[in-house]
>>> print(open('final_15.cif').read())   # mmCIF, C-alpha atoms
data_run
loop_
_atom_site.label_atom_id
_atom_site.label_comp_id
_atom_site.auth_asym_id
_atom_site.auth_seq_id
_atom_site.Cartn_x
_atom_site.Cartn_y
_atom_site.Cartn_z
CA ASN Z 1 -21.56 -13.57 -18.01
CA SER Z 2 -24.49 -11.23 -17.84
CA LYS Z 3 -24.36 -7.69 -19.21
CA ILE Z 4 -25.58 -6.59 -15.79
CA LYS Z 5 -22.58 -5.85 -13.61
CA LEU Z 6 -22.88 -7.67 -10.31
CA SER Z 7 -20.53 -7.34 -7.37
CA ASP Z 8 -18.51 -10.37 -6.36
CA GLU Z 9 -20.71 -10.72 -3.29
CA GLN Z 10 -23.84 -10.76 -5.46
CA LYS Z 11 -22.28 -13.37 -7.74
CA ILE Z 12 -21.41 -15.49 -4.72
CA ALA Z 13 -24.96 -15.26 -3.35
CA PHE Z 14 -26.39 -16.25 -6.72
CA LEU Z 15 -23.95 -19.13 -7.14
CA GLU Z 16 -24.62 -20.40 -3.61
CA MET Z 17 -28.32 -20.67 -4.57
CA ALA Z 18 -27.36 -22.39 -7.83
CA ASN Z 19 -25.18 -24.80 -5.85
CA GLY Z 20 -28.14 -25.76 -3.67
CA LYS Z 21 -30.34 -26.25 -6.73
CA ALA Z 22 -27.70 -28.39 -8.48
CA VAL Z 23 -27.36 -30.56 -5.36
CA SER Z 24 -31.12 -30.99 -4.90
CA GLU Z 25 -31.69 -31.79 -8.58
CA ASN Z 26 -28.58 -34.00 -8.82
CA LYS Z 27 -27.13 -32.06 -11.77
CA SER Z 28 -23.48 -33.07 -11.59
CA GLU Z 29 -22.13 -30.97 -14.47
CA MET Z 30 -23.91 -27.85 -13.23
CA LEU Z 31 -22.66 -28.57 -9.71
CA LYS Z 32 -19.09 -28.87 -10.95
CA ASN Z 33 -19.27 -25.57 -12.86
CA VAL Z 34 -20.93 -23.70 -9.99
CA ARG Z 35 -18.40 -24.97 -7.45
CA LYS Z 36 -15.51 -24.02 -9.72
CA LYS Z 37 -16.86 -20.47 -10.05
CA LEU Z 38 -17.50 -20.25 -6.29
CA ALA Z 39 -13.95 -21.39 -5.51
CA GLU Z 40 -12.59 -18.75 -7.90
CA LEU Z 41 -14.75 -15.97 -6.45
CA TYR Z 42 -13.98 -16.87 -2.84
CA TYR Z 43 -10.28 -16.91 -3.71
CA LYS Z 44 -10.56 -13.57 -5.51
CA THR Z 45 -12.29 -11.99 -2.51
CA GLY Z 46 -9.70 -13.37 -0.05
CA GLN Z 47 -12.04 -15.89 1.55
CA PHE Z 48 -9.50 -18.68 1.37
CA GLU Z 49 -11.22 -21.04 3.79
CA ARG Z 50 -14.35 -21.01 1.59
CA ALA Z 51 -12.21 -21.28 -1.56
CA ALA Z 52 -10.52 -24.34 -0.04
CA ASP Z 53 -13.91 -25.81 0.82
CA TYR Z 54 -15.18 -25.62 -2.75
CA SER Z 55 -11.84 -26.63 -4.30
CA GLY Z 56 -11.80 -29.60 -1.93
CA ARG Z 57 -15.28 -30.63 -3.02
CA LEU Z 58 -14.18 -30.43 -6.65
CA TYR Z 59 -11.05 -32.45 -5.85
CA GLU Z 60 -13.05 -35.18 -4.09
CA ALA Z 61 -15.56 -35.37 -6.95
CA ALA Z 62 -12.90 -35.49 -9.67
CA GLN Z 63 -13.12 -38.73 -11.63
CA THR Z 64 -9.65 -38.89 -13.17
CA THR Z 65 -6.08 -38.22 -12.15
CA LYS Z 66 -5.93 -35.50 -14.79
CA GLU Z 67 -8.94 -33.72 -13.25
CA LYS Z 68 -7.43 -34.02 -9.76
CA GLU Z 69 -4.11 -32.61 -10.99
CA ALA Z 70 -5.90 -29.63 -12.50
CA ILE Z 71 -7.57 -28.82 -9.15
CA LEU Z 72 -4.65 -29.65 -6.84
CA PRO Z 73 -2.69 -26.37 -7.23
CA ASP Z 74 -5.79 -24.27 -6.51
CA LEU Z 75 -6.63 -26.34 -3.45
CA LEU Z 76 -3.08 -26.21 -2.10
CA ASN Z 77 -2.83 -22.48 -2.76
CA ALA Z 78 -6.09 -21.87 -0.87
CA TYR Z 79 -4.76 -23.91 2.08
CA LEU Z 80 -1.50 -21.94 2.07
CA ARG Z 81 -3.18 -18.53 1.89
CA TRP Z 82 -5.84 -19.43 4.48
CA PRO Z 83 -3.32 -20.43 6.16
CA ASN Z 84 -3.97 -24.02 7.16
CA ALA Z 85 -0.60 -25.75 7.31
CA GLU Z 86 -2.14 -29.00 8.57
CA LEU Z 87 -4.39 -29.47 5.52
CA ALA Z 88 -1.64 -28.31 3.16
CA ALA Z 89 0.76 -30.83 4.70
CA LYS Z 90 -1.83 -33.61 4.42
CA LEU Z 91 -2.31 -32.83 0.74
CA VAL Z 92 1.45 -32.88 0.11
CA GLN Z 93 1.84 -36.07 2.14
CA ASN Z 94 -0.87 -37.81 0.09
CA ARG Z 95 0.92 -36.75 -3.07
CA LEU Z 96 4.18 -38.17 -1.66
CA LEU Z 97 2.48 -41.53 -1.10
CA ALA Z 98 2.01 -41.77 -4.86
CA GLU Z 99 5.35 -40.40 -6.04
CA ASP Z 100 8.52 -38.50 -5.30
CA LEU Z 101 8.18 -34.76 -5.88
CA ASP Z 102 10.75 -33.05 -8.06
CA PRO Z 103 11.04 -29.25 -8.46
CA ASN Z 104 8.71 -29.33 -11.50
CA ASP Z 105 5.88 -31.12 -9.70
CA ILE Z 106 2.68 -29.07 -9.42
CA VAL Z 107 2.77 -29.30 -5.62
CA ILE Z 108 6.32 -27.96 -5.37
CA ARG Z 109 5.58 -25.22 -7.91
CA SER Z 110 2.45 -24.22 -5.96
CA ILE Z 111 4.42 -23.90 -2.73
CA ASP Z 112 7.19 -21.96 -4.49
CA ASN Z 113 4.59 -19.63 -6.03
CA TYR Z 114 3.15 -18.99 -2.59
CA LEU Z 115 6.61 -18.29 -1.18
CA SER Z 116 7.39 -15.81 -3.94
CA ASP Z 117 4.06 -13.98 -3.53
CA PRO Z 118 2.70 -14.45 0.01
CA PRO Z 119 -0.38 -12.61 1.24
CA ALA Z 120 0.22 -9.28 2.95
CA GLY Z 121 1.23 -9.73 6.57
CA ALA Z 122 1.87 -13.46 6.23
CA ASP Z 123 5.10 -15.13 7.28
CA PRO Z 124 5.64 -17.58 4.41
CA ASN Z 125 8.65 -19.16 6.10
CA ALA Z 126 6.59 -19.98 9.20
CA VAL Z 127 3.92 -21.57 7.01
CA LEU Z 128 6.59 -23.49 5.11
CA LYS Z 129 8.24 -24.70 8.31
CA ALA Z 130 4.89 -25.85 9.68
CA ILE Z 131 4.19 -27.80 6.51
CA ILE Z 132 7.62 -29.43 6.39
CA THR Z 133 7.50 -30.53 10.03
CA LYS Z 134 4.03 -32.11 9.66
CA ILE Z 135 4.92 -34.29 6.66
CA GLU Z 136 6.21 -37.77 7.37
CA THR Z 137 7.29 -40.14 4.63
CA THR Z 138 8.06 -43.81 5.05
CA GLN Z 139 9.20 -44.30 1.48
CA ASN Z 140 12.52 -43.24 0.04
CA ARG Z 141 11.83 -39.86 -1.57
CA PRO Z 142 15.24 -38.37 -2.53
CA LYS Z 143 13.82 -35.55 -4.65
CA TRP Z 144 11.50 -34.53 -1.83
CA ALA Z 145 14.38 -34.69 0.67
CA GLU Z 146 16.41 -32.39 -1.59
CA GLN Z 147 13.48 -29.96 -1.89
CA LYS Z 148 13.02 -29.91 1.88
CA LYS Z 149 16.73 -29.11 2.24
CA ARG Z 150 16.40 -26.17 -0.18
CA TRP Z 151 13.43 -24.83 1.76
CA ALA Z 152 15.20 -25.34 5.12
CA ASP Z 153 18.16 -23.36 3.74
CA ARG Z 154 15.73 -20.62 2.70
CA ILE Z 155 14.27 -20.49 6.21
CA ARG Z 156 17.76 -20.33 7.77
CA GLU Z 157 18.76 -17.53 5.39
CA ALA Z 158 15.59 -15.60 6.25
CA LYS Z 159 16.32 -15.97 9.96
CA GLY Z 160 19.89 -14.85 9.36
CA SER Z 161 18.75 -11.71 7.55
CA ASP Z 162 16.61 -10.76 10.57
CA LYS Z 163 19.69 -10.49 12.81
CA PRO Z 164 21.22 -7.04 13.21
CA LYS Z 165 24.31 -6.48 11.12
CA LYS Z 166 27.58 -6.11 13.05
CA ALA Z 167 29.60 -3.02 12.33
CA GLY Z 168 32.82 -3.97 10.59
CA TYR Z 169 36.00 -2.49 12.05
#
>>> encode(input="final_15.cif", output="structure tokens")
Amino acid sequence: NSKIKLSDEQKIAFLEMANGKAVSENKSEMLKNVRKKLAELYYKTGQFERAADYSGRLYEAAQTTKEKEAILPDLLNAYLRWPNAELAAKLVQNRLLAEDLDPNDIVIRSIDNYLSDPPAGADPNAVLKAIITKIETTQNRPKWAEQKKRWADRIREAKGSDKPKKAGY
């Protein structure tokens, strides 16, 4: 929060050095703060793979369920925007191991947010389809099954709207 205006790239370079220092000096709180800022800056600059890397490190280092839940939407969003359907699916699948996912769950809301505001040039339905097909559940997850049905309907509707309209006589 310096009065000197730095570009995002300059901030990233500085924070990368601070990250190395925090690691070498074993300063866990500093490391957490630096990685959070790096994830935010990489996301802001459209470097979603790097944003996912730092969000993933934060997620792995999180001590409590509450901390993990605070990081999870950012991590999933970075995977979706990257796009890396395989890692996104793995994250959702791990969440499904713990519980059924209703429409208000942070994972479902994150995916819906992505679908309503995809990156330019992205095919959100293709990403969604890739995620859905990679997730396997062995437990009974009725809320998840219902959500998958809603998304499958969305994909079908999107495909239907791509077809040329027939002239009505």
>>> closest_residue(input="final_15.cif", among="Z:Glu9, Z:Asp153, Z:Glu49, Z:Asp74", to="Ile106 of chain Z", atoms="only C-alpha atoms")
Z:Asp74
>>> residues_around(input="final_15.cif", residues="Ala70 of chain Z", least_positions_apart="5", cutoff="12 Å", atoms="only C-alpha atoms", output="PyMOL selection string")
chain Z and resi 36+55+58-59+62-65+75-76+106-107+110
>>> atom_distance(input="final_15.cif", atom1="atom CA of Glu60 of chain Z", atom2="atom CA of Leu31 of chain Z")
12.9 Å
>>> residues_around(input="final_15.cif", residues="segment 127-131 of chain Z", least_positions_apart="6", cutoff="8 Å", atoms="all atoms listed in the file", output="list in words")
Leu80, Pro83, Ala85, Glu86, Ala88, Ala89, Trp151, Ala152 and Ile155 of chain Z
>>> residues_near_point(input="final_15.cif", point="(5.3, -40.7, 0.6)", cutoff="9 Å", atoms="all atoms listed in the file", output="list of chain:residue names")
Z:Val92, Z:Gln93, Z:Asn94, Z:Arg95, Z:Leu96, Z:Leu97, Z:Ala98, Z:Glu99, Z:Asp100, Z:Ile135, Z:Glu136, Z:Thr137, Z:Thr138, Z:Gln139, Z:Asn140, Z:Arg141
>>> atom_distance(input="final_15.cif", atom1="atom CA of Glu157 of chain Z", atom2="atom CA of Asp112 of chain Z")
15.8 Å
>>> atom_distance(input="final_15.cif", atom1="atom CA of Lys134 of chain Z", atom2="atom CA of Glu67 of chain Z")
26.4 Å
>>> axis_aligned_box(input="final_15.cif", around="segment 13-29 of chain Z", padding_each_side="6 Å", output="lines of an AutoDock Vina configuration file")
center_x = -26.9
center_y = -24.6
center_z = -8.9
size_x = 21.6
size_y = 30.7
size_z = 23.1
>>> resolve_selection(input="final_15.cif", expression="the PyMOL selection byres ((chain Z and resi 114) around 8)", output="PyMOL selection string")
chain Z and resi 77+80-81+110-113+115-118+124
>>> closest_residue(input="final_15.cif", among="Z:Arg150, Z:Leu6, Z:Arg50, Z:Ala61", to="Ser28 of chain Z", atoms="only C-alpha atoms")
Z:Ala61
>>> closest_residue(input="final_15.cif", among="Z:Ala120, Z:Gln147, Z:Ile12, Z:Asp105", to="Tyr43 of chain Z", atoms="all atoms listed in the file")
Z:Ile12
>>> residues_around(input="final_15.cif", residues="segment 20-22 of chain Z", least_positions_apart="6", cutoff="10 Å", atoms="all atoms listed in the file", output="PDB file with C-alpha atoms, in the coordinates of the input")
ATOM      1  CA  SER Z  28     -23.480 -33.070 -11.590  1.00  0.00           C
ATOM      2  CA  GLU Z  29     -22.130 -30.970 -14.470  1.00  0.00           C
ATOM      3  CA  MET Z  30     -23.910 -27.850 -13.230  1.00  0.00           C
ATOM      4  CA  LEU Z  31     -22.660 -28.570  -9.710  1.00  0.00           C
ATOM      5  CA  LYS Z  32     -19.090 -28.870 -10.950  1.00  0.00           C
ATOM      6  CA  ASN Z  33     -19.270 -25.570 -12.860  1.00  0.00           C
ATOM      7  CA  VAL Z  34     -20.930 -23.700  -9.990  1.00  0.00           C
ATOM      8  CA  ARG Z  35     -18.400 -24.970  -7.450  1.00  0.00           C
TER       9      ARG Z  35
END
>>> closest_residue(input="final_15.cif", among="Z:Leu38, Z:Phe48, Z:Pro103, Z:Glu25", to="Ala13 of chain Z", atoms="all atoms listed in the file")
Z:Leu38
>>> closest_residue(input="final_15.cif", among="Z:Glu16, Z:Thr133, Z:Asp123, Z:Lys68", to="Ala158 of chain Z", atoms="only C-alpha atoms")
Z:Asp123
>>> closest_residue(input="final_15.cif", among="Z:Thr45, Z:Gln10, Z:Leu72, Z:Ala145", to="Arg109 of chain Z", atoms="all atoms listed in the file")
Z:Leu72
